[in-house]
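A short write-up of the structure that comes next.
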Number of protein chains: 2
Amino acid sequence: MNTSLIYELLYKDKRTKARRGRITTPHGVIETPVFMPVGTQATVKAMKPEDVEKTGAQIILANTYHLFLRPGSDIVREAGGLHRFMNWNKPILTDSGGFQVFSLGHMNKITEEGVRFSSHIDGSRHMLSPEKSMEVQNDLGSDIMMAFDECAPPNATRKYIESSQEMTTRWLKRCVAAHKNPDRQALFGIMQGGFFRDLREKSASAITALDLPGYAIGGISVGEPKEEYVGVLEYAPDLLPENKPRYVMGIGTPDYIFEAVEHGVDMFDCVEPTRIARHGVAMTSHGRVNIKNAKYQRDFGPLDPECDCYACRNYSRAYLRHLFKAGETMSHMLLTEHNLRFLSKLSEDIRRSIEEDRFLELKEEFYSKYYG
Amino acid sequence: MNTSLIYELLYKDKRTKARRGRITTPHGVIETPVFMPVGTQATVKAMKPEDVEKTGAQIILANTYHLFLRPGSDIVREAGGLHRFMNWNKPILTDSGGFQVFSLGHMNKITEEGVRFSSHIDGSRHMLSPEKSMEVQNDLGSDIMMAFDECAPPNATRKYIESSQEMTTRWLKRCVAAHKNPDRQALFGIMQGGFFRDLREKSASAITALDLPGYAIGGISVGEPKEEYVGVLEYAPDLLPENKPRYVMGIGTPDYIFEAVEHGVDMFDCVEPTRIARHGVAMTSHGRVNIKNAKYQRDFGPLDPECDCYACRNYSRAYLRHLFKAGETMSHMLLTEHNLRFLSKLSEDIRRSIEEDRFLELKEEFYSKYYG
């Protein structure tokens with residue numbers, strides 16, 4: 001089962017649970033901790049794949065829900081798989097569609113079988129189930145596939161979360177059984193259980209028994225207060241095997257990333273850097289910059305003097321502001337490229353700091369400049 | 001005056017007036033005939049400058065009207081000029097703003113002094129005049145500047161066109177007087193006169209007397225029937241000096257380009273290739289392709305099998321269709337890059353055909369494939 005993915009634990013920080021690792025997949029190696037840019041519809045918005053790679057991205061994420069509905073995973077399969085379809089030859093991770101069915105689909109109906117929903121595109125009725133999610137992800141040919149789970153609402157009762165977590169475990173077993181390509185695509189299980197430690201333990205125990213190539217910690221990044229997020233991180237990663245990669249889905253702000261790494265998480269993704277870019281917001285070494293601000297009208301310096309990205313090497317804040325105000329696509333292109341480089345560079349800095357036993361120092365330095 | 005631009009006539013076609021030439025500007029050499037992509041607001045929409053260059057573009061056009069209103073030419077000047085502001089180090093041509101004042105501005109009022117108008121952005125009142133247009137274009141620092149002219153409506157009376165053409169000549173003299181940087185920026189005059197041959201002759205006689213570095217034929221590409229366009233081309237280029245480049249503004253369809261070249265025109269520009277790209281339409285060696293068409297859903301071949309552009313080398317029609325249907329920016333990026341490559345390649349083919357005395361054969365071959 002594990003032949004599709006190898007995780008090597010290279011170095012453990014002496015003072016925290018931060019770890020430096022390496023994942024080997026059929027499409028290449030991923031140094032961890034790693035931030036994964038999101039290419040929802042088989043494209044990282046406003047970026048050529050070559051340019052995504054130049055930012056330092058080692059793996060991207062694509063969304064099963066979206067590609068299932070459009071263009072349809074059969075078309076991607078006939079095109080030779082997602083890597084070839086979108087011209088990205090490095091690793092790809094696909095989510096299961098579970099989260100989007102709830103956040104984007106309408107009139108969802110959850111049963112033991114799966115989830116019936118109406119498409120956000122045209123209202124057509126569809127079903128996603130463990131088997132269907134595996135079929136779609138097998139069609140897509142991603143290097144890492146995610147198990148189809150129910151991400152229970154954060155405000156759900158303990159009773160609901162418990163039965164949801166139990167169903168997620170039953171669904172995981174159906175995913176394992178339905179997965180047709182375990183030699184080339186690594187299936188990750190997802191721990192659920194909300195903010196109840198005993199339910200998290202129960203979930204971890206059940207899913208790790210299946211000896212999957214990797215595991216995610218689900219349900220902690222959908223709008224909860226940071227204390228609750230950190231609260232789960234205090235114990236949840238330890239419930240997962242040390243010799244497998246650990247993934248927290250949907251985090252992309254520096255503080256959430258630092259907390260995850262500090263507690264032993266290896267992988268994270270988020271639409272945040274690409275989405276805020278399209279709203280004119282950049283992440284820089286001195287905090288967020290809103291390029292729309294009038295004070296940048298005659299600012300001929302780079303967006304981030306400490307950044308080595310294409311946008312910072314070639315353009316001024318005045319130009320970026322002009323592009324944004326003029327509604328030019330190039331504004332999205334340049335700010336997206338910068339923000340992706342920013343998080344890749346942050347990941348590189350974090351990896352080096354772990355190797356050099358100064359992860360906590362890096363965290364402090366970073367916070368004082370970014371949030372200070 | 002002419003030190004800013006050198007035109008060399010390299011080769012004349014034996015059977016038509018087509019000519020192969022070379023323009024040398026402060027930012028580099030332009031082989032003619034040449035198609036010039038349009039970068040209205042200091043960016044070729046959805047393209048990085050490096051990628052524009054890779055399509056074979058030798059010079060781009062930017063619009064004085066737009067940059068005057070936003071960000072303001074003073075900001076571009078303070079940024080070090082348009083080349084540096086937008087990171088394009090090859091030649092740039094700027095128009096005079098005259099055409100856009102009429103097509104985009106509101107409540108225009110034309111007097112001998114110039115044109116008062118309301119901004120299409122915020123309704124604010126502005127004045128463009130020969131002096132102001134020169135000031136703005138001097139701020140922008142383009143290699144080729146266009147004289148501020150009135151482009152009379154095609155349906156205007158002979159009386160109107162005659163007095164408009166006379167005013168354009170007076171305005172041209174004011175442009176020459178106001179131009180502050182003739183050693184680095186070449187000012188082109190614009191022939192007017194509508195579809196009246198004697199008025200065109202009068203215009204040509206007046207403007208060529210000023211011995212400018214180049215000339216444009218104005219007012220023949222704003223929606224007239226093709227016969228009238230070709231009708232003017234039959235005699236108008238001959239009214240201009242042979243040792244200066246000739247430019248027809250606003251043409252970008254292959255048939256209009258072939259007709260212009262056949263009658264001795266060297267330069268042309270149009271928003272057509274970039275605009276239709278954003279509507280999902282590609283120019284290919286076998287005619288136009290509307291990528292939205294359902295028949296491309298499972299078409300895994302390239303957009304244009306005969307094209308060497310980035311889009312055609314790396315992506316399928318099925319993928320391009322998916323991107324367009326999904327509303328992804330990457331669709332605009334790829335189709336724009338393709339269409340620009342198509343017209344650059346067409347220009348290259350035309351240049352070679354003139355050198356090899358087979359321009360008319362190329363025209364016939366092209367028409368039978370593209371329009372056949």
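In the structure tokens, chains take the letters A, B, ... in the order shown, each chain's residues start at 1, and ligands count up from 1 in the order shown.
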### Task
For region 43-56 of chain A, please output as a VMD selection string all residues within 7 Å (counting only C-alpha atoms; exclusion window: fewer than 5 positions along the same chain).
(chain A and resid 38 86 to 88 309 332 to 333 337 340 to 341 344) or (chain B and resid 328 to 330)
Contacts from chain A to chain B, 10 Å maximum, only C-alpha atoms: show me the residue list as a CSV table (one decimal) with N, CA, C and O atoms, in the first residue's frame.
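The resulting file, result-v4.csv, is reproduced below:
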chain,number,residue,atom,x,y,z
A,41,GLN,N,-9.4,24.6,-10.1
A,41,GLN,CA,-10.1,24.1,-11.3
A,41,GLN,C,-9.0,23.7,-12.3
A,41,GLN,O,-9.1,24.0,-13.5
A,42,ALA,N,-8.0,23.0,-11.8
A,42,ALA,CA,-6.9,22.5,-12.7
A,42,ALA,C,-6.1,23.7,-13.2
A,42,ALA,O,-5.5,23.6,-14.3
A,43,THR,N,-6.0,24.8,-12.4
A,43,THR,CA,-5.1,25.9,-12.7
A,43,THR,C,-5.0,26.7,-11.4
A,43,THR,O,-6.0,27.0,-10.7
A,44,VAL,N,-3.7,27.1,-11.1
A,44,VAL,CA,-3.5,28.0,-10.0
A,44,VAL,C,-3.9,29.4,-10.6
A,44,VAL,O,-3.3,29.8,-11.5
A,45,LYS,N,-4.9,30.0,-10.0
A,45,LYS,CA,-5.5,31.1,-10.7
A,45,LYS,C,-4.5,32.2,-11.1
A,45,LYS,O,-3.7,32.6,-10.3
A,46,ALA,N,-4.5,32.6,-12.4
A,46,ALA,CA,-3.7,33.7,-12.9
A,46,ALA,C,-2.2,33.3,-12.9
A,46,ALA,O,-1.4,34.2,-13.0
A,47,MET,N,-1.9,32.0,-12.9
A,47,MET,CA,-0.5,31.6,-13.0
A,47,MET,C,-0.2,30.5,-14.0
A,47,MET,O,-0.9,29.5,-14.0
A,48,LYS,N,0.8,30.7,-14.8
A,48,LYS,CA,1.3,29.6,-15.6
A,48,LYS,C,2.0,28.6,-14.6
A,48,LYS,O,2.7,29.0,-13.7
A,66,HIS,N,-14.9,20.4,-7.8
A,66,HIS,CA,-14.9,21.2,-9.0
A,66,HIS,C,-14.7,20.5,-10.2
A,66,HIS,O,-15.4,20.6,-11.2
A,67,LEU,N,-13.6,19.6,-10.2
A,67,LEU,CA,-13.3,18.9,-11.5
A,67,LEU,C,-14.3,17.8,-11.8
A,67,LEU,O,-14.4,17.5,-13.0
A,70,ARG,N,-16.9,19.9,-13.4
A,70,ARG,CA,-16.5,20.6,-14.7
A,70,ARG,C,-15.0,20.5,-14.7
A,70,ARG,O,-14.4,21.0,-13.8
A,71,PRO,N,-14.4,19.9,-15.7
A,71,PRO,CA,-15.0,19.4,-17.0
A,71,PRO,C,-15.6,18.0,-16.8
A,71,PRO,O,-16.2,17.5,-17.8
A,72,GLY,N,-15.4,17.4,-15.7
A,72,GLY,CA,-15.8,15.9,-15.5
A,72,GLY,C,-14.5,15.1,-15.5
A,72,GLY,O,-13.6,15.3,-16.3
A,74,ASP,N,-13.9,12.1,-16.2
A,74,ASP,CA,-13.7,11.3,-17.4
A,74,ASP,C,-12.9,12.0,-18.5
A,74,ASP,O,-12.0,11.4,-19.1
A,75,ILE,N,-13.1,13.3,-18.6
A,75,ILE,CA,-12.4,14.1,-19.6
A,75,ILE,C,-10.9,14.2,-19.2
A,75,ILE,O,-10.0,14.1,-20.0
A,76,VAL,N,-10.7,14.5,-17.9
A,76,VAL,CA,-9.3,14.6,-17.4
A,76,VAL,C,-8.6,13.2,-17.6
A,76,VAL,O,-7.5,13.2,-18.0
A,78,GLU,N,-9.3,10.9,-19.9
A,78,GLU,CA,-9.0,10.7,-21.3
A,78,GLU,C,-7.9,11.6,-21.8
A,78,GLU,O,-7.2,11.3,-22.8
A,79,ALA,N,-7.7,12.8,-21.1
A,79,ALA,CA,-6.6,13.7,-21.5
A,79,ALA,C,-5.3,13.2,-21.0
A,79,ALA,O,-4.2,13.7,-21.4
A,80,GLY,N,-5.3,12.1,-20.3
A,80,GLY,CA,-4.0,11.5,-19.8
A,80,GLY,C,-3.8,11.8,-18.3
A,80,GLY,O,-2.6,11.7,-17.8
A,84,ARG,N,-1.0,16.0,-17.0
A,84,ARG,CA,-0.8,16.3,-18.4
A,84,ARG,C,-1.9,17.3,-18.8
A,84,ARG,O,-1.5,18.2,-19.6
A,85,PHE,N,-3.1,17.2,-18.3
A,85,PHE,CA,-4.2,18.1,-18.7
A,85,PHE,C,-3.8,19.5,-18.4
A,85,PHE,O,-4.0,20.4,-19.2
A,86,MET,N,-3.2,19.8,-17.2
A,86,MET,CA,-2.9,21.1,-16.8
A,86,MET,C,-1.4,21.5,-16.9
A,86,MET,O,-1.0,22.6,-16.6
A,87,ASN,N,-0.6,20.5,-17.5
A,87,ASN,CA,0.8,20.8,-17.7
A,87,ASN,C,1.6,21.1,-16.5
A,87,ASN,O,2.4,22.1,-16.4
A,88,TRP,N,1.3,20.3,-15.4
A,88,TRP,CA,2.1,20.4,-14.2
A,88,TRP,C,2.7,19.1,-13.9
A,88,TRP,O,1.9,18.1,-13.7
A,121,ILE,N,-23.0,25.2,-10.0
A,121,ILE,CA,-22.8,25.7,-11.3
A,121,ILE,C,-24.2,25.8,-12.0
A,121,ILE,O,-24.6,26.8,-12.5
A,297,GLN,N,0.8,55.4,-4.4
A,297,GLN,CA,0.6,56.0,-5.7
A,297,GLN,C,2.0,56.4,-6.4
A,297,GLN,O,2.2,56.3,-7.6
A,298,ARG,N,2.9,57.0,-5.5
A,298,ARG,CA,4.2,57.4,-6.0
A,298,ARG,C,5.3,56.6,-5.3
A,298,ARG,O,6.4,57.1,-5.2
A,299,ASP,N,5.0,55.4,-4.9
A,299,ASP,CA,6.0,54.6,-4.2
A,299,ASP,C,6.7,53.7,-5.3
A,299,ASP,O,6.1,52.7,-5.8
A,300,PHE,N,7.9,54.1,-5.7
A,300,PHE,CA,8.6,53.4,-6.8
A,300,PHE,C,9.5,52.3,-6.3
A,300,PHE,O,10.3,51.7,-7.1
A,301,GLY,N,9.4,51.9,-5.0
A,301,GLY,CA,10.1,50.8,-4.5
A,301,GLY,C,9.4,49.5,-4.7
A,301,GLY,O,8.2,49.5,-5.1
A,314,ASN,N,11.0,43.3,-10.6
A,314,ASN,CA,10.7,44.0,-11.8
A,314,ASN,C,9.7,45.1,-11.8
A,314,ASN,O,9.6,45.9,-12.8
A,315,TYR,N,9.0,45.2,-10.7
A,315,TYR,CA,7.9,46.2,-10.7
A,315,TYR,C,7.9,47.0,-9.4
A,315,TYR,O,8.3,46.5,-8.4
A,316,SER,N,7.3,48.2,-9.5
A,316,SER,CA,7.1,49.1,-8.3
A,316,SER,C,5.7,49.0,-7.7
A,316,SER,O,4.8,48.5,-8.4
A,318,ALA,N,4.0,51.5,-7.2
A,318,ALA,CA,3.2,52.4,-7.9
A,318,ALA,C,2.6,51.7,-9.2
A,318,ALA,O,1.4,51.9,-9.5
A,319,TYR,N,3.4,50.9,-9.8
A,319,TYR,CA,2.9,50.2,-11.0
A,319,TYR,C,1.8,49.2,-10.6
A,319,TYR,O,0.7,49.0,-11.2
A,320,LEU,N,2.1,48.4,-9.5
A,320,LEU,CA,1.1,47.4,-9.0
A,320,LEU,C,-0.2,48.1,-8.6
A,320,LEU,O,-1.3,47.5,-8.9
A,321,ARG,N,-0.1,49.2,-8.0
A,321,ARG,CA,-1.3,49.9,-7.6
A,321,ARG,C,-2.1,50.4,-8.9
A,321,ARG,O,-3.3,50.2,-9.0
A,322,HIS,N,-1.3,50.9,-9.8
A,322,HIS,CA,-2.0,51.3,-11.1
A,322,HIS,C,-2.7,50.2,-11.8
A,322,HIS,O,-3.9,50.3,-12.2
A,323,LEU,N,-2.0,49.0,-11.8
A,323,LEU,CA,-2.7,47.8,-12.5
A,323,LEU,C,-4.0,47.5,-11.7
A,323,LEU,O,-5.0,47.2,-12.4
A,325,LYS,N,-5.9,49.4,-9.8
A,325,LYS,CA,-6.9,50.4,-10.0
A,325,LYS,C,-7.5,50.4,-11.4
A,325,LYS,O,-8.7,50.7,-11.6
A,326,ALA,N,-6.7,50.0,-12.3
A,326,ALA,CA,-7.1,50.0,-13.7
A,326,ALA,C,-7.8,48.6,-14.1
A,326,ALA,O,-8.3,48.4,-15.2
A,327,GLY,N,-8.0,47.7,-13.1
A,327,GLY,CA,-8.7,46.5,-13.3
A,327,GLY,C,-7.9,45.5,-14.2
A,327,GLY,O,-8.5,44.7,-14.9
A,328,GLU,N,-6.6,45.6,-14.2
A,328,GLU,CA,-5.8,44.8,-15.1
A,328,GLU,C,-5.5,43.4,-14.5
A,328,GLU,O,-5.1,43.3,-13.4
A,329,THR,N,-5.6,42.4,-15.3
A,329,THR,CA,-5.3,41.0,-15.0
A,329,THR,C,-3.9,40.9,-14.4
A,329,THR,O,-3.6,40.1,-13.5
A,330,MET,N,-3.0,41.7,-15.0
A,330,MET,CA,-1.6,41.6,-14.6
A,330,MET,C,-1.4,41.8,-13.1
A,330,MET,O,-0.5,41.3,-12.5
A,331,SER,N,-2.3,42.6,-12.5
A,331,SER,CA,-2.3,42.8,-11.1
A,331,SER,C,-2.5,41.5,-10.4
A,331,SER,O,-1.8,41.2,-9.4
A,332,HIS,N,-3.5,40.7,-10.8
A,332,HIS,CA,-3.7,39.4,-10.1
A,332,HIS,C,-2.5,38.5,-10.3
A,332,HIS,O,-2.1,37.8,-9.4
A,333,MET,N,-2.0,38.6,-11.6
A,333,MET,CA,-0.8,37.7,-11.9
A,333,MET,C,0.4,38.0,-11.0
A,333,MET,O,1.0,37.1,-10.4
A,334,LEU,N,0.7,39.3,-10.8
A,334,LEU,CA,1.9,39.6,-10.1
A,334,LEU,C,1.7,39.5,-8.6
A,334,LEU,O,2.6,38.9,-7.9
### Message
From a backbone DSSP assignment, name each residue in region 305-358 of chain B labelled helix (DSSP H, G or I), as number ranges by chain.
### Response
B: 310-314, 317-325, 329-355
### Query
Which neighbours of region 196-213 of chain A fall inside 7 Å, counting only C-alpha atoms, when residues of the same chain fewer than 5 positions from it are skipped, and could you give them as a count of residues only?
13
### B:Leu82, B:Val34, B:Leu9, B:Cys307 ranked by distance to Ile251 (chain B), top pick (using only C-alpha atoms)
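Result for the nearest residue to Ile251 (chain B): B:Val34.
Closest approach to Pro130 (chain A) from the set A:Phe324, A:Trp171, A:Tyr215, A:Tyr235 is made by A:Trp171, with distances taken over only C-alpha atoms.
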### Query
Near Thr111 (chain A), within 12 Å and counting only C-alpha atoms, which residues show up once chain neighbours fewer than 6 positions away are dropped, as a VMD selection string?
chain A and resid 117 127 to 130 150 163 to 164 167 to 168 171
### Message
Write out as a PyMOL selection string the set of residues from region 194-336 of chain A that DSSP, computed on the backbone, places in strand (DSSP E).
### Response
chain A and resi 214-217+246-248+267-269+281-284+287-290
### Query
At what distance in Å, to one decimal, does CA of Gly264 (chain A) lie from CA of Pro241 (chain A)?
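Pair CA of Pro241 (chain A) / CA of Gly264 (chain A) returns 11.0 Å.
For the pair CA of Arg352 (chain A) and CA of Ile220 (chain A), the separation is 26.8 Å.
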### Message
Neighbouring residues of Thr94 (chain B) were defined as those with any atom within 9 Å, considering only C-alpha atoms; residues of the same chain fewer than 5 positions away were excluded. Please report them as a ChimeraX atom specification.
### Response
/B:60-64,137,140-146
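Ranking A:Lys295, A:His83, A:Lys173, A:Lys14 by their shortest atom-to-atom distance to Asp149 (chain A), with only C-alpha atoms included, puts A:Lys173 first.
With CA of Glu113 (chain B) on one side and CA of Phe148 (chain B) on the other, the separation reads 11.4 Å.
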